[in-house]
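File shown: structure.cif (mmCIF, C-alpha atoms).
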data_start
loop_
_atom_site.label_atom_id
_atom_site.label_comp_id
_atom_site.auth_asym_id
_atom_site.auth_seq_id
_atom_site.Cartn_x
_atom_site.Cartn_y
_atom_site.Cartn_z
CA MET E 24 0.00 0.00 0.00
CA SER E 25 0.97 3.67 -0.16
CA LYS E 26 3.55 4.74 2.38
CA LEU E 27 4.27 8.26 1.17
CA ALA E 28 2.59 11.31 -0.36
CA PHE E 29 3.66 14.65 -1.74
CA PHE E 30 1.86 17.10 0.57
CA GLU E 31 2.42 20.71 1.62
CA GLY E 32 5.48 20.95 -0.63
CA GLU E 33 7.35 17.83 0.50
CA ILE E 34 7.22 14.05 0.50
CA VAL E 35 5.91 12.84 3.84
CA PRO E 36 4.47 9.65 5.38
CA ILE E 37 0.97 9.32 3.98
CA GLU E 38 -0.50 9.41 7.50
CA GLN E 39 0.61 13.05 7.70
CA ALA E 40 -1.15 14.03 4.47
CA LYS E 41 -4.33 15.31 6.11
CA ILE E 42 -6.73 18.07 5.12
CA SER E 43 -9.21 19.96 7.28
CA ILE E 44 -12.94 19.34 7.35
CA ALA E 45 -13.21 23.02 6.36
CA THR E 46 -11.43 22.47 3.03
CA HIS E 47 -13.29 24.22 0.21
CA THR E 48 -12.84 21.33 -2.24
CA PHE E 49 -14.28 18.85 0.26
CA HIS E 50 -17.51 20.86 0.41
CA TYR E 51 -17.95 22.04 -3.18
CA GLY E 52 -15.90 19.71 -5.39
CA THR E 53 -13.77 22.67 -6.50
CA GLY E 54 -10.62 20.73 -7.21
CA CYS E 55 -9.25 18.87 -10.19
CA PHE E 56 -7.19 15.75 -10.56
CA ALA E 57 -5.30 13.49 -12.90
CA GLY E 58 -5.22 9.73 -13.14
CA MET E 59 -1.99 8.14 -14.33
CA ARG E 60 -0.57 4.65 -14.37
CA ALA E 61 2.91 3.23 -14.12
CA HIS E 62 3.46 -0.31 -15.44
CA TRP E 63 6.04 -2.76 -14.14
CA ASN E 64 8.24 -4.66 -16.59
CA SER E 65 9.73 -7.57 -14.63
CA ASP E 66 12.20 -8.49 -17.39
CA ARG E 67 13.66 -5.00 -17.45
CA GLU E 68 13.23 -4.43 -13.69
CA GLN E 69 11.67 -1.10 -14.58
CA LEU E 70 8.52 0.87 -13.77
CA TYR E 71 7.25 3.08 -16.60
CA ILE E 72 4.86 6.03 -16.16
CA PHE E 73 2.70 6.42 -19.27
CA ARG E 74 2.70 9.90 -20.84
CA PRO E 75 3.15 11.87 -17.61
CA ALA E 76 3.85 15.18 -19.38
CA ASP E 77 0.51 14.98 -21.24
CA HIS E 78 -1.37 14.12 -18.05
CA PHE E 79 0.19 16.99 -16.10
CA GLU E 80 -0.45 19.48 -18.91
CA ARG E 81 -4.12 18.49 -18.82
CA LEU E 82 -4.14 18.83 -15.03
CA LEU E 83 -2.84 22.39 -15.36
CA HIS E 84 -5.52 23.15 -17.96
CA SER E 85 -8.16 21.81 -15.57
CA ALA E 86 -6.71 23.98 -12.81
CA ARG E 87 -7.03 27.04 -15.04
CA PHE E 88 -10.79 26.44 -15.36
CA LEU E 89 -11.02 26.74 -11.57
CA TYR E 90 -8.77 29.80 -11.15
CA CYS E 91 -6.25 27.61 -9.33
CA ASP E 92 -2.81 29.12 -8.86
CA VAL E 93 -0.53 26.10 -9.26
CA SER E 94 3.08 26.98 -8.47
CA TYR E 95 4.52 24.00 -10.35
CA SER E 96 5.11 23.37 -14.03
CA ALA E 97 4.23 20.08 -15.70
CA ALA E 98 7.93 19.16 -15.74
CA GLU E 99 8.27 19.90 -12.03
CA LEU E 100 5.20 17.79 -11.21
CA GLU E 101 6.64 14.93 -13.25
CA ALA E 102 9.95 15.15 -11.38
CA ILE E 103 8.14 15.11 -8.02
CA THR E 104 6.15 12.06 -9.08
CA LEU E 105 9.25 10.19 -10.21
CA GLU E 106 10.94 10.90 -6.88
CA LEU E 107 7.84 9.81 -4.97
CA LEU E 108 7.71 6.49 -6.82
CA ARG E 109 11.44 5.92 -6.35
CA ARG E 110 11.07 6.35 -2.61
CA GLU E 111 8.06 4.05 -2.56
CA GLY E 112 10.04 1.36 -4.39
CA PHE E 113 7.05 -0.15 -6.18
CA ARG E 114 7.70 -3.29 -8.24
CA GLU E 115 4.19 -3.72 -9.61
CA ASN E 116 1.59 -1.76 -11.57
CA VAL E 117 0.69 1.51 -9.87
CA TYR E 118 -2.09 4.07 -10.08
CA ILE E 119 -1.01 7.68 -9.48
CA ARG E 120 -3.36 10.40 -8.26
CA PRO E 121 -2.28 14.07 -8.38
CA ILE E 122 -4.89 16.53 -7.13
CA VAL E 123 -5.16 20.31 -7.02
CA TYR E 124 -7.45 21.55 -4.28
CA LYS E 125 -8.60 24.71 -2.51
CA ASP E 126 -7.58 24.53 1.11
CA GLU E 127 -9.72 27.17 2.81
CA GLY E 128 -12.74 29.43 2.57
CA VAL E 129 -15.52 26.94 3.15
CA PHE E 130 -18.14 29.65 3.67
CA ARG E 131 -17.68 31.21 0.25
CA VAL E 132 -18.58 29.66 -3.07
CA TRP E 133 -16.36 31.66 -5.44
CA LEU E 134 -13.19 30.19 -6.90
CA HIS E 135 -10.72 33.06 -7.11
CA ASP E 136 -8.54 34.38 -4.31
CA ALA E 137 -8.10 30.96 -2.69
CA ASN E 138 -5.25 29.00 -1.17
CA ASP E 139 -4.55 26.40 -3.86
CA LYS E 140 -2.42 23.34 -3.13
CA VAL E 141 -1.14 20.22 -4.86
CA ALA E 142 -0.94 16.69 -3.47
CA ILE E 143 0.21 13.45 -5.11
CA PHE E 144 0.09 9.86 -3.96
CA ALA E 145 0.20 6.43 -5.59
CA HIS E 146 -0.85 2.90 -4.75
CA PRO E 147 -0.60 -0.55 -6.30
CA ALA E 148 -3.54 -1.18 -8.59
CA GLY E 149 -4.85 -3.93 -10.80
CA GLY E 150 -7.59 -3.46 -13.35
CA TYR E 151 -10.49 -1.05 -12.95
CA LEU E 152 -12.87 -3.83 -13.99
CA PRO E 153 -12.81 -7.52 -12.97
CA ASN E 154 -12.52 -8.38 -16.67
CA THR E 155 -11.94 -6.39 -19.86
CA GLU E 156 -13.73 -8.51 -22.44
CA GLY E 157 -17.43 -8.86 -23.23
CA ILE E 158 -18.49 -5.93 -21.03
CA SER E 159 -22.25 -5.33 -20.82
CA MET E 160 -23.30 -1.72 -21.21
CA CYS E 161 -26.47 0.31 -21.14
CA VAL E 162 -27.35 3.80 -22.29
CA SER E 163 -27.78 5.76 -19.09
CA SER E 164 -30.85 7.81 -18.26
CA TRP E 165 -28.41 10.48 -17.01
CA ARG E 166 -27.03 12.88 -19.61
CA ARG E 167 -23.36 13.83 -19.72
CA VAL E 168 -22.74 17.15 -18.00
CA ASP E 169 -22.69 19.91 -20.62
CA ASP E 170 -19.59 22.04 -21.23
CA THR E 171 -21.71 25.14 -20.68
CA ALA E 172 -22.41 23.94 -17.12
CA ILE E 173 -19.11 22.39 -15.99
CA PRO E 174 -16.00 22.21 -18.23
CA ALA E 175 -16.26 18.75 -19.78
CA ARG E 176 -12.65 18.91 -20.97
CA GLY E 177 -11.38 19.10 -17.41
CA LYS E 178 -11.12 16.44 -14.73
CA VAL E 179 -13.06 18.52 -12.23
CA ASN E 180 -13.85 16.76 -8.95
CA GLY E 181 -17.46 17.85 -8.69
CA SER E 182 -18.38 16.75 -12.20
CA TYR E 183 -17.75 13.12 -11.27
CA VAL E 184 -21.06 13.03 -9.43
CA ASN E 185 -22.44 12.80 -12.98
CA SER E 186 -20.24 9.76 -13.62
CA ALA E 187 -21.09 8.14 -10.30
CA LEU E 188 -24.83 8.44 -10.87
CA ALA E 189 -24.55 6.77 -14.28
CA LYS E 190 -22.21 4.03 -13.06
CA SER E 191 -24.36 3.08 -10.07
CA GLU E 192 -27.51 3.10 -12.16
CA ALA E 193 -25.90 0.71 -14.64
CA MET E 194 -24.55 -1.66 -11.99
CA LEU E 195 -27.77 -1.75 -9.98
CA ASN E 196 -29.63 -2.61 -13.20
CA GLY E 197 -27.32 -5.55 -13.90
CA TYR E 198 -24.84 -3.96 -16.34
CA ASP E 199 -21.09 -3.47 -16.03
CA GLU E 200 -20.88 0.06 -17.35
CA ALA E 201 -22.88 2.99 -18.74
CA ILE E 202 -22.79 5.05 -21.92
CA LEU E 203 -23.83 8.66 -21.46
CA LEU E 204 -25.45 10.75 -24.17
CA ASN E 205 -24.87 14.49 -24.32
CA GLN E 206 -27.58 17.11 -24.18
CA ASP E 207 -28.12 16.78 -27.94
CA GLY E 208 -28.77 13.05 -27.65
CA HIS E 209 -25.48 11.94 -29.20
CA VAL E 210 -23.01 9.52 -27.61
CA SER E 211 -20.48 11.20 -25.33
CA GLU E 212 -18.50 8.67 -23.29
CA ALA E 213 -18.67 5.93 -20.67
CA SER E 214 -18.96 6.85 -16.99
CA ALA E 215 -15.20 7.30 -16.60
CA ALA E 216 -13.67 6.41 -19.97
CA ASN E 217 -13.78 7.37 -23.62
CA PHE E 218 -15.82 5.30 -26.06
CA MET E 219 -15.25 4.04 -29.61
CA ILE E 220 -16.92 1.73 -32.10
CA VAL E 221 -15.76 -0.06 -35.24
CA ARG E 222 -18.11 -0.12 -38.20
CA GLY E 223 -17.27 -1.13 -41.75
CA GLY E 224 -13.58 -1.31 -40.88
CA ALA E 225 -13.43 2.30 -39.64
CA LEU E 226 -12.75 3.39 -36.06
CA ILE E 227 -15.42 5.89 -35.01
CA THR E 228 -15.18 8.07 -31.93
CA PRO E 229 -17.31 11.00 -30.75
CA PRO E 230 -15.73 14.42 -31.26
CA ILE E 231 -14.32 16.45 -28.38
CA THR E 232 -17.31 18.79 -28.79
CA ALA E 233 -19.62 15.96 -27.63
CA ASN E 234 -18.83 16.96 -24.02
CA LEU E 235 -16.20 14.33 -23.42
CA LEU E 236 -12.90 14.42 -21.60
CA GLU E 237 -9.87 14.98 -23.81
CA GLY E 238 -8.45 11.59 -22.89
CA VAL E 239 -4.74 10.91 -23.19
CA VAL E 240 -5.43 7.23 -23.85
CA ARG E 241 -8.14 8.19 -26.37
CA ARG E 242 -5.59 10.24 -28.31
CA THR E 243 -3.11 7.38 -28.07
CA ILE E 244 -5.53 4.78 -29.44
CA VAL E 245 -6.55 7.01 -32.35
CA GLU E 246 -2.91 7.58 -33.26
CA LEU E 247 -2.05 3.87 -33.05
CA ALA E 248 -5.06 2.84 -35.12
CA ARG E 249 -4.22 5.35 -37.83
CA ASP E 250 -0.42 5.08 -37.94
CA GLU E 251 0.24 1.46 -36.98
CA LEU E 252 -2.83 -0.41 -38.22
CA GLY E 253 -3.79 1.85 -41.13
CA VAL E 254 -7.38 2.06 -39.90
CA GLU E 255 -9.63 4.87 -41.12
CA ILE E 256 -10.53 7.26 -38.28
CA GLN E 257 -13.91 8.99 -38.17
CA GLU E 258 -14.32 11.55 -35.40
CA ARG E 259 -18.01 12.39 -35.59
CA GLU E 260 -21.32 12.25 -33.78
CA ILE E 261 -22.74 8.81 -32.97
CA ASP E 262 -26.48 8.33 -32.57
CA ARG E 263 -27.89 5.90 -30.05
CA SER E 264 -29.29 3.65 -32.79
CA GLU E 265 -25.85 3.35 -34.39
CA LEU E 266 -24.58 1.68 -31.21
CA TYR E 267 -26.70 -1.35 -32.08
CA MET E 268 -25.16 -1.57 -35.56
CA ALA E 269 -21.51 -1.59 -34.45
CA ASP E 270 -19.23 -4.45 -35.48
CA GLU E 271 -17.00 -3.82 -32.45
CA ALA E 272 -17.09 -1.46 -29.51
CA PHE E 273 -14.73 -0.67 -26.65
CA PHE E 274 -13.95 1.98 -24.12
CA CYS E 275 -10.54 3.18 -23.07
CA GLY E 276 -8.88 5.29 -20.41
CA THR E 277 -6.15 5.36 -17.83
CA GLY E 278 -8.11 3.36 -15.29
CA VAL E 279 -9.60 0.72 -17.56
CA GLY E 280 -6.92 0.56 -20.26
CA MET E 281 -8.98 -0.99 -23.05
CA ALA E 282 -12.16 -3.01 -22.48
CA SER E 283 -14.14 -4.65 -25.26
CA ILE E 284 -17.93 -4.40 -25.15
CA GLY E 285 -20.03 -7.53 -25.61
CA SER E 286 -23.48 -6.00 -25.49
CA ILE E 287 -25.27 -2.65 -25.36
CA ASP E 288 -28.81 -2.50 -24.01
CA ARG E 289 -29.00 -6.33 -24.21
CA ARG E 290 -28.05 -6.25 -27.92
CA THR E 291 -24.93 -8.25 -28.80
CA VAL E 292 -22.05 -6.33 -30.36
CA GLY E 293 -20.41 -8.40 -33.11
CA ASP E 294 -20.03 -11.92 -31.78
CA GLY E 295 -19.99 -10.69 -28.19
CA GLY E 296 -16.22 -11.03 -27.82
CA LYS E 297 -13.18 -8.91 -28.59
CA GLY E 298 -13.21 -7.87 -32.24
CA GLU E 299 -10.19 -8.02 -34.55
CA ILE E 300 -9.31 -4.31 -34.56
CA THR E 301 -9.94 -4.00 -30.82
CA ALA E 302 -7.69 -7.01 -30.14
CA ARG E 303 -4.87 -5.70 -32.34
CA LEU E 304 -5.00 -2.27 -30.71
CA ASP E 305 -5.08 -3.75 -27.21
CA GLU E 306 -2.08 -6.00 -27.86
CA LEU E 307 -0.09 -3.10 -29.27
CA PHE E 308 -1.10 -0.77 -26.44
CA GLN E 309 -0.08 -3.28 -23.76
CA ARG E 310 3.36 -3.68 -25.34
CA ILE E 311 3.85 0.07 -25.37
CA LEU E 312 2.87 0.43 -21.71
CA ILE E 313 5.68 -1.84 -20.52
CA GLY E 314 8.35 -0.41 -22.80
CA GLU E 315 8.38 -3.21 -25.39
CA HIS E 316 7.87 -0.98 -28.44
CA ASP E 317 10.89 1.20 -29.20
CA ARG E 318 9.05 3.66 -31.42
CA TYR E 319 6.88 4.81 -28.51
CA ARG E 320 9.47 4.72 -25.72
CA HIS E 321 9.31 8.54 -25.65
CA TRP E 322 5.82 8.23 -24.15
CA LEU E 323 7.25 6.55 -21.06
CA ALA E 324 9.11 7.95 -18.07
CA PRO E 325 11.22 5.23 -16.40
CA VAL E 326 11.21 5.49 -12.62
CA TYR E 327 14.42 3.69 -11.73
CA ASP E 328 17.92 4.46 -12.98
#
Target encoding structure tokens, full file:
Amino acid sequence: MSKLAFFEGEIVPIEQAKISIATHTFHYGTGCFAGMRAHWNSDREQLYIFRPADHFERLLHSARFLYCDVSYSAAELEAITLELLRREGFRENVYIRPIVYKDEGVFRVWLHDANDKVAIFAHPAGGYLPNTEGISMCVSSWRRVDDTAIPARGKVNGSYVNSALAKSEAMLNGYDEAILLNQDGHVSEASAANFMIVRGGALITPPITANLLEGVVRRTIVELARDELGVEIQEREIDRSELYMADEAFFCGTGVGMASIGSIDRRTVGDGGKGEITARLDELFQRILIGEHDRYRHWLAPVYD
């Protein structure tokens, strides 16, 4: 388990990383966070963080939405994270959670003129789901939060109530995961991951303007499909009815990696298993994560010398 955390400007025992009950973010969800993974390669005796610079740049963009004054650059946050993981000495897959939060002012709702802080911790983590093949999904009755209400491009703490409502609804109704539509009735994303389908040999993904998170893994998968597999990419709106016509479907993100979808609203997708394009992308992605593909080694930050 986690032994350390970056807190109040230094790496301390995690038991010392405490916030007050009067913390603004605790009451109003006025923080933002990033989710990153580091993958252990036992043959190389190395732990690789996947695209940390991209994740920290997005964290800083999210912080800007909330008028957060972050006194660290993306490069500095990456260096802190590397040092934290070195001191932890992990030799297994790890989930990393940086968070920017407002530390005071509980009796005021506004965002500016606050005491903004950064904390980072990590812990060993397996998969987000018990399995990543043949996932059952439903279209949620909850709509994806609109960008005109809460910035959909940011990982804003409070907006994840929207995700939690959809996820619990799906699970309580016997499904593994939910698909959320946006306010226009088009597909946005899963509860906490981006969503894609394959139809007629093309990889189709909703556009950023469909109120989805600008996922680092989403961008990665699109690039790999286009450049490595030669697959046609269509970034466009997806109607609900088109979900039932997909040859393959999967969702992807830092937490889940890639998970193939077996059914949507009790309708089987393809043959119910992992489709050909999904399988090829997943195999390639997994190799990249553990440093086994030289062309994409620049996406990885090795923890140990």
Residues near E:Ala225, anyone? I mean within 9 Å using all atoms listed in the file, not counting same-chain ones fewer than 2 positions away, as a list in words.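 Everything that qualifies: Ile220, Val221, Arg222, Gly223, Ile227, Val254, Glu255, Ile256 and Gln257 of chain E.
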Report the distance between atom CA of E:Ile244 and atom CA of E:Gln206 in Å, rounded to one decimal place. 25.8 Å
With the PyMOL selection byres ((chain E and resi 189) around 12) as the selection, what would be picked from this file? Answer as a VMD selection string, please. chain E and resid 160 to 168 182 to 188 190 to 196 198 to 204 212 to 215
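If you look at atom CA of E:Ala98 and atom CA of E:Ala76, they are 6.8 Å away from each other.
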Given only C-alpha atoms as the counted atoms, nearest of E:Pro121, E:Pro75, E:Gly276, E:Gly181 to E:Thr243: E:Gly276
With the file shown as input, list the residues that the PyMOL selection byres ((chain E and resi 280-292) around 10) selects, as a CSV table (one decimal) with C-alpha atoms, keeping the file's coordinate frame.
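Below is the file that was written, part_4.csv:
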chain,number,residue,atom,x,y,z
E,60,ARG,CA,-0.6,4.6,-14.4
E,150,GLY,CA,-7.6,-3.5,-13.4
E,151,TYR,CA,-10.5,-1.0,-13.0
E,152,LEU,CA,-12.9,-3.8,-14.0
E,154,ASN,CA,-12.5,-8.4,-16.7
E,155,THR,CA,-11.9,-6.4,-19.9
E,156,GLU,CA,-13.7,-8.5,-22.4
E,157,GLY,CA,-17.4,-8.9,-23.2
E,158,ILE,CA,-18.5,-5.9,-21.0
E,159,SER,CA,-22.2,-5.3,-20.8
E,160,MET,CA,-23.3,-1.7,-21.2
E,161,CYS,CA,-26.5,0.3,-21.1
E,162,VAL,CA,-27.4,3.8,-22.3
E,163,SER,CA,-27.8,5.8,-19.1
E,198,TYR,CA,-24.8,-4.0,-16.3
E,199,ASP,CA,-21.1,-3.5,-16.0
E,200,GLU,CA,-20.9,0.1,-17.4
E,201,ALA,CA,-22.9,3.0,-18.7
E,202,ILE,CA,-22.8,5.0,-21.9
E,216,ALA,CA,-13.7,6.4,-20.0
E,217,ASN,CA,-13.8,7.4,-23.6
E,218,PHE,CA,-15.8,5.3,-26.1
E,219,MET,CA,-15.2,4.0,-29.6
E,220,ILE,CA,-16.9,1.7,-32.1
E,240,VAL,CA,-5.4,7.2,-23.8
E,241,ARG,CA,-8.1,8.2,-26.4
E,244,ILE,CA,-5.5,4.8,-29.4
E,266,LEU,CA,-24.6,1.7,-31.2
E,267,TYR,CA,-26.7,-1.4,-32.1
E,268,MET,CA,-25.2,-1.6,-35.6
E,269,ALA,CA,-21.5,-1.6,-34.4
E,270,ASP,CA,-19.2,-4.4,-35.5
E,271,GLU,CA,-17.0,-3.8,-32.4
E,272,ALA,CA,-17.1,-1.5,-29.5
E,273,PHE,CA,-14.7,-0.7,-26.6
E,274,PHE,CA,-14.0,2.0,-24.1
E,275,CYS,CA,-10.5,3.2,-23.1
E,276,GLY,CA,-8.9,5.3,-20.4
E,277,THR,CA,-6.2,5.4,-17.8
E,278,GLY,CA,-8.1,3.4,-15.3
E,279,VAL,CA,-9.6,0.7,-17.6
E,293,GLY,CA,-20.4,-8.4,-33.1
E,294,ASP,CA,-20.0,-11.9,-31.8
E,295,GLY,CA,-20.0,-10.7,-28.2
E,296,GLY,CA,-16.2,-11.0,-27.8
E,297,LYS,CA,-13.2,-8.9,-28.6
E,298,GLY,CA,-13.2,-7.9,-32.2
E,301,THR,CA,-9.9,-4.0,-30.8
E,302,ALA,CA,-7.7,-7.0,-30.1
E,304,LEU,CA,-5.0,-2.3,-30.7
E,305,ASP,CA,-5.1,-3.8,-27.2
E,306,GLU,CA,-2.1,-6.0,-27.9
E,308,PHE,CA,-1.1,-0.8,-26.4
E,309,GLN,CA,-0.1,-3.3,-23.8
E,312,LEU,CA,2.9,0.4,-21.7
Excluding stretch 39-50 of chain E and residues on its chain fewer than 2 positions from it, collect all residues at most 12 Å away from it, counting only C-alpha atoms, and give them as JSON, numbers by chain. {"E": [25, 26, 27, 28, 29, 30, 31, 32, 33, 34, 35, 36, 37, 52, 53, 54, 55, 56, 89, 91, 122, 123, 124, 125, 126, 127, 128, 129, 130, 131, 132, 133, 134, 135, 137, 138, 139, 140, 141, 142, 143, 144, 179, 180, 181]}
Close residues, E:Ala97 itself excluded, 12 Å, all atoms listed in the file, min 2 positions apart in chain, as a PyMOL selection string: chain E and resi 57+74-84+86+93-95+99-104+121
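Picture a line from atom CA of E:His321 to atom CA of E:Leu235; it runs 26.3 Å.
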Once the PyMOL selection byres ((chain E and resi 229) around 8) is applied to the coordinates I shared, what remains selected? I want it as a ChimeraX atom specification. /E:210-212,218-219,227-228,230-231,233,258-261
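Closest approach to E:Leu70 among E:Arg263, E:Leu226, E:Ser85, E:Pro325: E:Pro325, based on only C-alpha atoms.
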Close residues, E:Ala324 itself excluded, 7 Å, all atoms listed in the file, min 3 positions apart in chain, as a JSON list (two decimals) with C-alpha atoms, in the coordinates of the input:
[["chain", "number", "residue", "atom", "x", "y", "z"],
["E", 71, "TYR", "CA", 7.25, 3.08, -16.60],
["E", 72, "ILE", "CA", 4.86, 6.03, -16.16],
["E", 73, "PHE", "CA", 2.70, 6.42, -19.27]]
